[in-house]
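What follows is the content of target-v8.txt, which has compact mmCIF, C-alpha atoms and all ligand atoms:
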# COMPACT_ATOMS: atom_id res chain seq x y z
CA MET A 1 -170.81 125.39 -109.52
CA PRO A 2 -170.36 129.22 -109.76
CA LEU A 3 -167.40 131.27 -108.54
CA MET A 4 -167.16 131.25 -104.73
CA ARG A 5 -166.43 134.84 -103.73
CA SER A 6 -163.60 135.71 -101.37
CA TRP A 7 -162.88 138.91 -99.42
CA ILE A 8 -159.44 138.72 -101.12
CA GLU A 9 -160.49 140.60 -104.27
CA SER A 10 -157.76 139.17 -106.54
CA ALA A 11 -159.33 135.72 -106.03
CA ASN A 12 -162.59 136.83 -107.68
CA SER A 13 -161.13 137.60 -111.10
CA ALA A 14 -162.02 135.28 -113.99
CA ASP A 15 -158.31 135.25 -114.90
CA THR A 16 -156.77 134.08 -111.64
CA GLU A 17 -155.81 130.39 -111.43
CA PHE A 18 -156.48 130.51 -107.70
CA PRO A 19 -160.09 131.43 -106.86
CA LEU A 20 -161.64 130.27 -103.59
CA ASN A 21 -162.91 127.21 -105.51
CA ASN A 22 -159.30 126.03 -105.94
CA LEU A 23 -157.17 126.35 -102.75
CA PRO A 24 -154.18 124.31 -104.04
CA TYR A 25 -151.34 123.14 -101.81
CA GLY A 26 -147.73 124.31 -102.23
CA VAL A 27 -144.50 124.98 -100.34
CA PHE A 28 -142.98 128.45 -100.27
CA SER A 29 -140.27 130.59 -98.73
CA VAL A 30 -139.72 134.33 -98.50
CA ASP A 31 -136.29 136.00 -98.41
CA ASP A 32 -134.35 132.74 -97.96
CA GLY A 33 -136.46 131.94 -94.88
CA ASP A 34 -137.81 128.55 -93.83
CA LEU A 35 -139.82 126.44 -96.25
CA ARG A 36 -143.49 126.55 -95.22
CA CYS A 37 -146.71 124.90 -96.36
CA GLY A 38 -148.94 127.36 -98.18
CA VAL A 39 -152.30 127.56 -99.93
CA ALA A 40 -152.76 129.84 -102.96
CA ILE A 41 -155.65 132.32 -103.03
CA GLY A 42 -155.71 135.02 -105.74
CA ASP A 43 -152.34 136.80 -105.69
CA ARG A 44 -151.55 135.68 -102.13
CA ILE A 45 -150.28 132.57 -100.33
CA VAL A 46 -151.82 131.65 -96.98
CA ASP A 47 -149.13 130.49 -94.57
CA ALA A 48 -150.73 127.23 -93.43
CA THR A 49 -147.71 126.36 -91.26
CA GLY A 50 -148.16 129.68 -89.44
CA LEU A 51 -151.92 129.19 -89.00
CA GLU A 52 -151.27 125.78 -87.50
CA ALA A 53 -148.64 127.09 -85.05
CA ASN A 54 -150.96 129.94 -84.06
CA GLY A 55 -153.82 127.48 -83.48
CA ALA A 56 -156.18 129.29 -85.87
CA LEU A 57 -156.39 126.33 -88.28
CA ARG A 58 -155.27 122.86 -87.26
CA ALA A 59 -155.58 119.78 -89.45
CA ASP A 60 -154.77 117.51 -86.49
CA PRO A 61 -155.46 118.62 -82.90
CA GLU A 62 -152.61 116.43 -81.58
CA ALA A 63 -149.74 116.87 -84.05
CA ASP A 64 -148.13 119.69 -86.05
CA VAL A 65 -148.49 118.08 -89.47
CA LEU A 66 -147.59 121.28 -91.34
CA ASP A 67 -144.39 121.98 -89.42
CA ALA A 68 -142.49 120.49 -92.39
CA PRO A 69 -141.39 121.55 -95.88
CA TYR A 70 -143.94 119.20 -97.54
CA TRP A 71 -147.62 118.21 -97.31
CA ASN A 72 -147.00 114.46 -96.79
CA ASP A 73 -147.88 114.38 -93.07
CA PHE A 74 -151.11 116.22 -93.82
CA MET A 75 -151.97 113.77 -96.62
CA GLU A 76 -151.44 110.87 -94.23
CA LEU A 77 -154.38 112.10 -92.08
CA GLY A 78 -156.79 110.96 -94.80
CA PRO A 79 -159.81 112.20 -96.76
CA GLY A 80 -161.90 113.16 -93.69
CA SER A 81 -159.19 115.56 -92.46
CA TRP A 82 -158.56 116.90 -96.00
CA ALA A 83 -162.26 117.84 -96.26
CA LYS A 84 -162.41 119.46 -92.79
CA PHE A 85 -159.29 121.52 -93.43
CA ARG A 86 -160.58 122.67 -96.82
CA SER A 87 -163.93 123.65 -95.40
CA ALA A 88 -162.42 125.57 -92.45
CA LEU A 89 -160.03 127.45 -94.74
CA THR A 90 -162.87 128.18 -97.19
CA ALA A 91 -164.86 129.76 -94.32
CA MET A 92 -161.87 131.96 -93.35
CA LEU A 93 -161.44 133.20 -96.94
CA SER A 94 -165.08 133.50 -97.96
CA ASP A 95 -166.54 136.99 -98.42
CA ASP A 96 -168.82 136.49 -95.43
CA ALA A 97 -165.89 135.69 -93.10
CA ILE A 98 -165.95 137.77 -89.90
CA GLU A 99 -163.35 140.49 -89.31
CA ASP A 100 -161.33 138.46 -86.76
CA LEU A 101 -160.78 135.66 -89.27
CA ARG A 102 -159.75 138.15 -91.96
CA ASP A 103 -157.21 139.67 -89.56
CA VAL A 104 -155.65 136.26 -88.87
CA ILE A 105 -155.33 135.53 -92.60
CA THR A 106 -153.85 138.97 -93.26
CA THR A 107 -151.20 138.26 -90.61
CA TYR A 108 -150.47 134.78 -91.95
CA SER A 109 -150.23 135.37 -95.68
CA VAL A 110 -147.71 136.75 -98.18
CA GLN A 111 -147.82 138.20 -101.69
CA MET A 112 -147.18 135.41 -104.20
CA VAL A 113 -144.73 137.57 -106.18
CA GLU A 114 -142.49 137.80 -103.11
CA ALA A 115 -142.36 134.04 -102.57
CA THR A 116 -140.16 131.28 -103.98
CA LEU A 117 -142.01 128.03 -104.63
CA HIS A 118 -140.52 124.62 -103.81
CA MET A 119 -141.50 120.96 -104.25
CA PRO A 120 -144.96 120.73 -102.67
CA PHE A 121 -144.48 117.17 -101.41
CA ARG A 122 -141.79 114.56 -100.86
CA VAL A 123 -141.99 112.07 -103.71
CA SER A 124 -141.91 108.55 -102.27
CA GLU A 125 -141.75 106.68 -105.57
CA TYR A 126 -142.55 107.61 -109.13
CA THR A 127 -144.34 105.49 -111.71
CA ASP A 128 -145.06 106.70 -115.22
CA PHE A 129 -147.81 105.28 -117.40
CA TYR A 130 -148.46 105.23 -121.14
CA ALA A 131 -152.22 105.67 -121.11
CA GLY A 132 -153.04 108.22 -123.82
CA ARG A 133 -154.41 106.36 -126.81
CA HIS A 134 -153.53 108.96 -129.45
CA HIS A 135 -149.98 109.25 -128.10
CA ALA A 136 -149.49 105.48 -128.01
CA THR A 137 -150.90 105.16 -131.53
CA ASN A 138 -148.70 107.95 -132.90
CA VAL A 139 -145.51 106.67 -131.27
CA GLY A 140 -146.31 103.05 -132.17
CA THR A 141 -146.87 104.04 -135.80
CA MET A 142 -143.48 105.74 -135.95
CA PHE A 143 -141.58 102.95 -134.19
CA ARG A 144 -143.36 99.84 -135.53
CA GLY A 145 -145.63 100.91 -138.40
CA PRO A 146 -149.38 101.61 -138.46
CA GLU A 147 -150.46 97.95 -138.42
CA ASN A 148 -148.58 97.30 -135.13
CA ALA A 149 -149.12 100.75 -133.59
CA LEU A 150 -151.02 99.67 -130.49
CA PRO A 151 -149.51 96.55 -128.90
CA PRO A 152 -152.12 93.76 -128.36
CA ASN A 153 -152.19 94.37 -124.60
CA TRP A 154 -152.73 98.14 -124.78
CA LEU A 155 -156.54 98.21 -124.79
CA HIS A 156 -156.64 95.86 -121.78
CA ILE A 157 -153.90 96.97 -119.39
CA PRO A 158 -152.50 100.31 -118.18
CA ILE A 159 -148.85 100.07 -119.35
CA GLY A 160 -146.29 101.67 -117.02
CA TYR A 161 -142.72 101.58 -115.75
CA ASN A 162 -141.09 102.38 -112.44
CA GLY A 163 -139.24 105.71 -112.64
CA ARG A 164 -137.04 107.52 -110.15
CA ALA A 165 -138.28 109.80 -107.37
CA SER A 166 -134.80 111.38 -107.14
CA SER A 167 -135.09 113.16 -110.49
CA VAL A 168 -138.50 114.78 -109.88
CA PHE A 169 -138.12 118.56 -109.59
CA VAL A 170 -140.34 121.58 -109.09
CA SER A 171 -141.14 124.05 -111.86
CA GLY A 172 -138.32 126.48 -112.60
CA THR A 173 -135.50 123.96 -112.17
CA GLU A 174 -133.04 124.14 -115.11
CA ILE A 175 -132.83 120.95 -117.14
CA ARG A 176 -129.40 119.92 -118.43
CA ARG A 177 -129.37 118.13 -121.78
CA PRO A 178 -128.26 114.56 -121.07
CA TRP A 179 -125.41 112.54 -122.53
CA GLY A 180 -126.10 108.92 -123.30
CA GLN A 181 -125.48 105.85 -125.37
CA GLN A 182 -127.38 105.89 -128.64
CA LYS A 183 -127.13 104.52 -132.14
CA SER A 184 -124.55 106.44 -134.11
CA PRO A 185 -126.04 108.53 -136.93
CA ASP A 186 -123.43 107.15 -139.38
CA HIS A 187 -123.52 103.40 -138.72
CA ASP A 188 -125.12 100.72 -136.57
CA MET A 189 -122.60 100.87 -133.73
CA PRO A 190 -123.50 102.89 -130.64
CA ALA A 191 -121.91 106.23 -129.76
CA PHE A 192 -121.83 108.19 -126.50
CA MET A 193 -122.97 111.76 -127.07
CA PRO A 194 -125.40 114.46 -125.93
CA SER A 195 -129.02 113.74 -126.85
CA ARG A 196 -130.00 115.53 -130.06
CA ARG A 197 -133.64 114.48 -129.81
CA PHE A 198 -134.50 115.86 -126.38
CA ASP A 199 -138.24 116.18 -125.83
CA ILE A 200 -141.12 116.94 -123.51
CA GLU A 201 -144.10 114.82 -122.53
CA LEU A 202 -147.22 116.71 -121.48
CA GLU A 203 -148.79 114.80 -118.61
CA VAL A 204 -150.84 115.13 -115.45
CA GLY A 205 -149.50 113.55 -112.26
CA ALA A 206 -151.70 112.00 -109.55
CA ILE A 207 -150.44 112.08 -105.96
CA VAL A 208 -151.24 109.14 -103.71
CA GLY A 209 -152.31 110.44 -100.30
CA GLN A 210 -152.98 107.16 -98.49
CA SER A 211 -150.94 104.00 -98.14
CA SER A 212 -152.16 100.51 -99.03
CA PHE A 213 -151.04 96.92 -98.52
CA GLY A 214 -152.33 94.34 -100.94
CA PRO A 215 -154.66 94.85 -103.88
CA VAL A 216 -157.21 97.68 -103.94
CA SER A 217 -160.31 98.26 -106.08
CA VAL A 218 -160.65 101.21 -108.47
CA ASP A 219 -163.11 102.85 -106.01
CA PHE A 220 -160.67 102.45 -103.13
CA ALA A 221 -157.82 103.73 -105.29
CA GLU A 222 -159.93 106.78 -106.13
CA ASP A 223 -160.24 107.58 -102.41
CA MET A 224 -156.45 107.23 -101.97
CA ILE A 225 -155.67 110.01 -104.47
CA PHE A 226 -154.94 113.36 -102.82
CA GLY A 227 -154.66 115.63 -105.85
CA TYR A 228 -153.10 116.40 -109.20
CA VAL A 229 -150.14 118.34 -110.66
CA LEU A 230 -148.96 119.14 -114.17
CA LEU A 231 -146.03 116.91 -115.10
CA ASN A 232 -143.40 117.18 -117.83
CA ASP A 233 -141.64 113.87 -118.40
CA TRP A 234 -138.46 115.03 -120.19
CA SER A 235 -137.42 112.33 -122.65
CA ALA A 236 -134.31 111.71 -124.77
CA ARG A 237 -135.73 110.02 -127.87
CA ASP A 238 -132.39 108.90 -129.34
CA ILE A 239 -131.36 107.25 -126.07
CA GLN A 240 -134.85 105.75 -125.79
CA ALA A 241 -134.87 104.29 -129.32
CA TRP A 242 -131.62 102.41 -128.66
CA GLU A 243 -132.38 101.15 -125.14
CA TYR A 244 -136.14 100.53 -124.93
CA GLN A 245 -136.24 96.93 -126.13
CA PRO A 246 -136.74 94.59 -124.34
CA LEU A 247 -137.36 96.17 -120.92
CA GLY A 248 -138.66 99.67 -121.67
CA PRO A 249 -137.30 103.15 -121.01
CA PHE A 250 -134.40 103.67 -118.59
CA GLN A 251 -131.81 106.45 -119.10
CA ALA A 252 -134.06 108.20 -121.65
CA LYS A 253 -136.33 109.14 -118.73
CA ALA A 254 -133.72 109.59 -116.00
CA THR A 255 -132.76 113.24 -116.57
CA ALA A 256 -135.69 115.01 -114.97
CA THR A 257 -139.43 115.13 -114.42
CA THR A 258 -140.81 118.62 -113.73
CA LEU A 259 -143.95 119.28 -111.66
CA SER A 260 -146.18 122.33 -111.33
CA PRO A 261 -145.67 124.12 -107.99
CA TRP A 262 -149.27 123.65 -106.81
CA ILE A 263 -151.17 120.42 -106.05
CA VAL A 264 -154.82 120.87 -107.02
CA SER A 265 -157.01 118.82 -104.70
CA LYS A 266 -159.48 116.26 -105.93
CA ALA A 267 -162.22 118.33 -104.22
CA ALA A 268 -161.44 121.38 -106.41
CA LEU A 269 -161.65 119.25 -109.57
CA GLU A 270 -164.88 117.46 -108.59
CA PRO A 271 -167.18 119.66 -110.77
CA PHE A 272 -165.07 118.79 -113.83
CA ARG A 273 -165.36 115.00 -113.77
CA VAL A 274 -165.85 113.29 -117.13
CA PRO A 275 -165.99 109.59 -118.05
CA THR A 276 -163.20 107.59 -119.64
CA PRO A 277 -163.85 106.91 -123.36
CA ASN A 278 -165.97 104.14 -124.84
CA ARG A 279 -163.98 100.94 -125.13
CA GLU A 280 -163.72 98.37 -127.89
CA HIS A 281 -163.18 95.64 -125.31
CA ASP A 282 -164.66 95.47 -121.83
CA LEU A 283 -161.98 95.74 -119.21
CA LEU A 284 -161.43 92.94 -116.72
CA PRO A 285 -163.60 93.47 -113.61
CA TYR A 286 -160.70 94.67 -111.45
CA LEU A 287 -160.31 97.71 -113.76
CA GLU A 288 -164.01 98.64 -113.99
CA GLU A 289 -165.00 102.08 -112.74
CA THR A 290 -168.22 102.96 -110.92
CA LYS A 291 -167.95 106.71 -111.55
CA PRO A 292 -166.38 109.01 -114.15
CA GLY A 293 -162.63 108.89 -113.57
CA LEU A 294 -161.23 111.72 -115.71
CA TYR A 295 -161.43 115.52 -115.56
CA ASP A 296 -162.02 118.20 -118.16
CA ILE A 297 -158.70 120.05 -117.81
CA SER A 298 -157.49 121.96 -120.85
CA LEU A 299 -153.72 121.71 -121.26
CA ASP A 300 -151.24 123.82 -123.26
CA VAL A 301 -147.55 123.56 -123.91
CA THR A 302 -145.46 126.51 -125.09
CA ILE A 303 -141.86 126.98 -126.23
CA GLN A 304 -139.75 130.12 -125.90
CA PRO A 305 -136.25 130.25 -127.39
CA GLU A 306 -133.57 132.20 -125.48
CA GLY A 307 -134.41 135.89 -125.94
CA GLY A 308 -137.29 135.03 -128.30
CA MET A 309 -141.07 134.98 -128.33
CA GLU A 310 -143.28 132.31 -126.79
CA SER A 311 -145.20 130.03 -129.19
CA THR A 312 -147.92 127.52 -128.40
CA LEU A 313 -146.83 124.03 -129.46
CA ALA A 314 -150.04 122.15 -128.66
CA ARG A 315 -153.36 122.27 -126.84
CA THR A 316 -155.04 119.15 -125.53
CA ASN A 317 -157.18 117.94 -122.63
CA TYR A 318 -156.81 115.48 -119.76
CA LYS A 319 -160.11 113.87 -120.81
CA GLU A 320 -158.24 112.29 -123.77
CA MET A 321 -156.80 109.65 -121.41
CA TYR A 322 -157.82 106.02 -121.90
CA TYR A 323 -157.26 104.99 -118.27
CA SER A 324 -157.91 107.11 -115.17
CA SER A 325 -155.40 107.53 -112.33
CA ALA A 326 -157.62 105.39 -110.12
CA GLN A 327 -157.50 102.56 -112.69
CA GLN A 328 -153.71 102.93 -112.93
CA LEU A 329 -153.36 102.89 -109.15
CA ALA A 330 -155.63 99.84 -108.77
CA HIS A 331 -153.63 98.04 -111.47
CA HIS A 332 -150.38 99.05 -109.71
CA THR A 333 -151.42 97.09 -106.59
CA THR A 334 -152.57 93.85 -108.29
CA ALA A 335 -149.33 91.93 -107.77
CA GLY A 336 -148.98 92.97 -104.14
CA SER A 337 -146.90 96.14 -104.23
CA PRO A 338 -147.67 98.37 -101.23
CA MET A 339 -148.32 102.02 -102.10
CA ASN A 340 -147.16 104.91 -99.94
CA VAL A 341 -148.19 108.46 -99.17
CA GLY A 342 -146.34 110.66 -101.66
CA ASP A 343 -146.24 108.16 -104.51
CA LEU A 344 -146.49 109.95 -107.85
CA LEU A 345 -148.24 108.47 -110.90
CA GLY A 346 -147.64 110.10 -114.30
CA SER A 347 -150.68 109.78 -116.58
CA GLY A 348 -148.72 109.17 -119.76
CA THR A 349 -148.41 111.70 -122.56
CA ILE A 350 -151.73 113.31 -123.38
CA SER A 351 -152.37 113.85 -127.09
CA GLY A 352 -155.68 114.59 -128.80
CA PRO A 353 -156.75 113.31 -132.23
CA LYS A 354 -155.59 116.44 -134.12
CA LYS A 355 -152.07 117.34 -135.14
CA THR A 356 -152.18 120.51 -132.99
CA GLU A 357 -153.14 118.39 -129.98
CA ARG A 358 -149.97 116.30 -129.69
CA GLY A 359 -148.27 116.36 -126.31
CA SER A 360 -144.68 115.71 -127.44
CA LEU A 361 -142.30 117.09 -130.08
CA LEU A 362 -141.71 113.51 -131.27
CA GLU A 363 -145.33 113.47 -132.44
CA LEU A 364 -145.55 117.14 -133.45
CA SER A 365 -142.53 116.87 -135.76
CA TRP A 366 -143.34 113.24 -136.63
CA GLY A 367 -140.01 111.89 -135.49
CA GLY A 368 -138.14 114.97 -136.73
CA LYS A 369 -139.38 114.61 -140.31
CA GLU A 370 -141.86 117.51 -140.28
CA PRO A 371 -140.29 120.53 -138.53
CA ILE A 372 -142.87 122.70 -136.78
CA GLU A 373 -143.06 126.47 -137.16
CA ILE A 374 -142.53 128.58 -134.04
CA GLU A 375 -141.99 132.34 -133.60
CA GLY A 376 -138.62 133.06 -135.21
CA GLY A 377 -137.77 129.56 -136.44
CA THR A 378 -138.63 125.89 -136.61
CA ARG A 379 -138.16 122.95 -134.26
CA ASN A 380 -137.88 119.18 -134.51
CA PHE A 381 -136.75 118.77 -130.91
CA ILE A 382 -135.69 121.07 -128.05
CA GLU A 383 -132.67 123.35 -128.60
CA ASP A 384 -130.41 124.69 -125.85
CA GLY A 385 -131.88 127.80 -124.26
CA ASP A 386 -135.49 126.82 -125.00
CA THR A 387 -137.96 127.23 -122.16
CA LEU A 388 -140.87 124.77 -122.20
CA THR A 389 -143.98 125.57 -120.19
CA LEU A 390 -147.04 123.44 -119.44
CA LYS A 391 -150.25 125.20 -118.39
CA GLY A 392 -153.52 123.65 -117.29
CA ALA A 393 -156.98 124.93 -116.41
CA ALA A 394 -160.36 123.47 -115.52
CA VAL A 395 -162.73 126.21 -116.63
CA GLY A 396 -165.92 126.78 -114.61
CA ASP A 397 -168.65 129.39 -114.63
CA GLY A 398 -166.73 132.67 -114.25
CA TYR A 399 -163.58 131.08 -112.81
CA LYS A 400 -160.79 128.66 -113.58
CA ILE A 401 -158.80 126.17 -111.55
CA GLY A 402 -155.05 126.26 -112.32
CA PHE A 403 -151.85 124.56 -111.18
CA GLY A 404 -149.29 127.34 -111.73
CA ASP A 405 -147.01 127.06 -114.75
CA CYS A 406 -144.80 123.98 -115.04
CA VAL A 407 -141.60 125.48 -116.48
CA GLY A 408 -138.20 124.14 -117.46
CA LYS A 409 -135.36 125.74 -119.41
CA VAL A 410 -132.98 123.40 -121.21
CA VAL A 411 -129.29 124.25 -120.77
CA PRO A 412 -126.37 122.78 -122.77
CA ALA A 413 -124.99 119.32 -122.01
CA LEU A 414 -121.86 119.11 -119.85
CA ASP A 415 -118.56 119.58 -121.67
CA ALA A 416 -116.98 116.26 -122.61
CA ALA A 417 -113.92 117.30 -120.57
CA ASP A 418 -116.08 117.45 -117.42
CA LEU A 419 -117.25 113.84 -117.71
CA PRO A 420 -115.43 111.18 -115.64
CA TYR A 421 -114.58 109.10 -118.73
CA LYS A 422 -113.63 109.42 -122.38
CA THR A 423 -116.64 109.84 -124.67
CA GLU A 424 -115.03 108.16 -127.69
CA ARG A 425 -113.45 104.74 -128.06
CA CA B 501 -144.12 109.64 -120.00

What would you get if you wrote out this structure as structure tokens?
Amino acid sequence: MPLMRSWIESANSADTEFPLNNLPYGVFSVDDGDLRCGVAIGDRIVDATGLEANGALRADPEADVLDAPYWNDFMELGPGSWAKFRSALTAMLSDDAIEDLRDVITTYSVQMVEATLHMPFRVSEYTDFYAGRHHATNVGTMFRGPENALPPNWLHIPIGYNGRASSVFVSGTEIRRPWGQQKSPDHDMPAFMPSRRFDIELEVGAIVGQSSFGPVSVDFAEDMIFGYVLLNDWSARDIQAWEYQPLGPFQAKATATTLSPWIVSKAALEPFRVPTPNREHDLLPYLEETKPGLYDISLDVTIQPEGGMESTLARTNYKEMYYSSAQQLAHHTTAGSPMNVGDLLGSGTISGPKKTERGSLLELSWGGKEPIEIEGGTRNFIEDGDTLTLKGAAVGDGYKIGFGDCVGKVVPALDAADLPYKTER
């Protein structure tokens, strides 16, 4: 599909992340005003809450679903309403839109540079998976040796754990280095100290836009997904190494998860569908797909020390996943768990086969044994003052579909004196 031209000129540039082909969903405010639902187009944000109140564009004729600081009520309307809304907004922004429609949009839009972006949806619950084969192989090799790298279940089942919705934040939120219990560097007894192996995980998050009760098929799960965000699953490796057996990660993943400010709809990503990889073992029937379940989305992660230059840490692609979000979602419902509008599913860290394609510092520095070169220094793990940024783009013919940067700056751990307990025995 070629670039769809808009009368908003900035949306026609090959560099913008927000051409008419995209139309991602976000929440914004201007000058400490109310939080409003918005749609990005070029260098502007269309005030969807305002258009709804004015009557110019209504997703639901009966209810004001956008009179809220999140898109959840809109999602609840379902795929038919998502498509109608997208098509009506596309007509208003297209370069053959009539003058009256252009005037309405001009009234109900703001410059993106003047806006503050907020969480685009209310996270109901958060589940994180472990579905990138190269990542799982790399981490397994470090933790258990190459012969036991992939656990025997891995090629058959999407592995996941239930995370916390309360620690999911929008891009730009500062991330405080966590304290936690970990194995002491000097002996086998545990110590309580700030994490010294604080890390990122480069992931894509799928947002569930429809609820379900009882098990669903992969096809049905596919229809339940509303869209995708970039997701950084901040991880404290030292806390993780001490706590993860036998029940998996807990406090290592409880500091923060950062999301990109814009939700890219499934419709915008449709031209970029690619199949999941060839498999050594057929999956059980309940996990079989009937259409390609991944997307060709190139992904970058960069690091910028305080006052320093930005360096690229890795480049990879969402198509490296072993399981699609629809497969993960279908698996999630097998034992009877209802799913809700606003549920967030992390893909799992996305690493490619090459060393420069690894989506975490744990892999890039091979557990801290091979420091990586960045502008002005080296890194094993994140240092205080570092800003980590995820970027993603599906690249089409003369345009690209982006998510907005997913940014987090790591600030020092709390002073021991500010904790509600002694940190040493
Ligand atoms: Ca993760």

Practice task
Select, from A:Ala252, A:Leu329, A:Leu57, A:Ala11, the residue with the minimum atom-to-atom distance to ligand CA 501 (chain B), counting only C-alpha atoms and all ligand atoms.
Solution key: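 Smallest distance to ligand CA 501 (chain B) is found for A:Ala252.
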
Practice task
Pick out the closest residue to ligand CA 501 (chain B) from this set: A:Gly205, A:Gly42, A:Pro178, A:Gly377. Count all atoms listed in the file.
Solution key: A:Gly205

Practice task
Let me have all residues with an atom within 7 Å of ligand CA 501 (chain B), counting only C-alpha atoms and all ligand atoms, laid out as JSON, numbers by chain.
Solution key: {"A": [128, 129, 130, 201, 233, 346, 348, 349]}

Just write the chosen residues, C-alpha atoms, as a PDB file, in the frame of the given file.
ATOM      1  CA  ASP A 128    -145.060 106.700-115.220  1.00  0.00           C
ATOM      2  CA  PHE A 129    -147.810 105.280-117.400  1.00  0.00           C
ATOM      3  CA  TYR A 130    -148.460 105.230-121.140  1.00  0.00           C
ATOM      4  CA  GLU A 201    -144.100 114.820-122.530  1.00  0.00           C
ATOM      5  CA  ASP A 233    -141.640 113.870-118.400  1.00  0.00           C
ATOM      6  CA  GLY A 346    -147.640 110.100-114.300  1.00  0.00           C
ATOM      7  CA  GLY A 348    -148.720 109.170-119.760  1.00  0.00           C
ATOM      8  CA  THR A 349    -148.410 111.700-122.560  1.00  0.00           C
TER       9      THR A 349
END

Report as a tab-separated table the residues of segment 237-347 of chain A within 10 Å of segment 106-122 of chain A, each with its shortest atom pair and distance in Å (one decimal), using only C-alpha atoms, ordered by chain and increasing residue number.
residue	atom	partner	partner_atom	distance
A:Thr258	CA	A:Met119	CA	9.8
A:Leu259	CA	A:Met119	CA	8.0
A:Ser260	CA	A:Met119	CA	8.6
A:Pro261	CA	A:Leu117	CA	6.3
A:Trp262	CA	A:Pro120	CA	6.7
A:Ile263	CA	A:Pro120	CA	7.1
A:Val341	CA	A:Arg122	CA	9.0
A:Gly342	CA	A:Arg122	CA	6.0
A:Asp343	CA	A:Arg122	CA	8.6
A:Leu344	CA	A:Arg122	CA	9.6

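Using all atoms listed in the file, the smallest distance between any of A:Leu364, A:Leu414, A:Ile297, A:Val104 and Leu89 of chain A comes from A:Val104.
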
Practice task
Identify, on the basis of only C-alpha atoms, every residue whose closest approach to Glu288 of chain A does not exceed 9 Å; exclude the query and any residue fewer than 6 positions from it along the same chain; express the result as a list in words.
Solution key: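 Contacts, in chain order: Ser217, Val218, Asp282 and Gln327 of chain A.
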
Practice task
Can you work out which one of A:Trp242, A:Ala335, A:Tyr323, A:Tyr228 has the shortest atom-to-atom distance to Met189 of chain A, counting all atoms listed in the file?
Solution key: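 Looking only at the distances to Met189 of chain A, the closest residue turns out to be A:Trp242.
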
Exercise for the section: Record the distance separating atom CA of Tyr25 of chain A and atom CA of Ser351 of chain A, expressed in Å with one decimal. Expected result: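 One can read the atom CA of Tyr25 of chain A to atom CA of Ser351 of chain A distance as 27.0 Å.
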
Exercise for the section: Provide the atom CA of Thr49 of chain A to atom CA of Tyr126 of chain A distance in Å, to one decimal place. Expected result: 26.4 Å

Practice task
Go through A:Asn380, A:Thr257, A:Thr333, A:Thr389 one by one, measure the shortest atom-to-atom distance of each to Phe198 of chain A using all atoms listed in the file, and give the residue with the smallest value.
Solution key: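 When distances to Phe198 of chain A are compared using all atoms listed in the file, the smallest one comes from A:Asn380.
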
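Within the 10 Å cut-off around Thr141 of chain A, using only C-alpha atoms and omitting residues fewer than 6 positions from it on the same chain, the listed residues are His135, Glu147, Asn148, Ala149, Leu150 and Trp366 of chain A.
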
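The set of protein, DNA and RNA residues with any counted atom at most 12 Å from (-125.8, 101.5, -131.9) (only C-alpha atoms) reads Gly180, Gln181, Gln182, Lys183, Ser184, Pro185, Asp186, His187, Asp188, Met189, Pro190, Ala191, Phe192, Met193, Asp238, Ile239, Gln240, Ala241, Trp242 and Glu243 of chain A.
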
Problem - All residues 8 Å or closer to Pro353 of chain A, all atoms listed in the file, same chain fewer than 3 positions away omitted, as an NGL selection string - result: :A and (134 or 357-358)

Problem - Computed interatomic separation between atom CA of Pro61 of chain A and atom CA of Leu93 of chain A (Å) - result: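 Atom-to-atom, atom CA of Pro61 of chain A and atom CA of Leu93 of chain A are spaced 21.1 Å apart.
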
Problem - Nearest-residue call for Ala59 of chain A, choices A:Trp82, A:Gly352, A:Trp71, A:Ile98, using all atoms listed in the file - result: A:Trp82

Practice task
Around the point (-133.1, 110.4, -113.9) in the file's coordinates, collect all residues with an atom within 9 Å, using only C-alpha atoms, and return them as a VMD selection string.
Solution key: chain A and resid 163 to 168 250 to 257
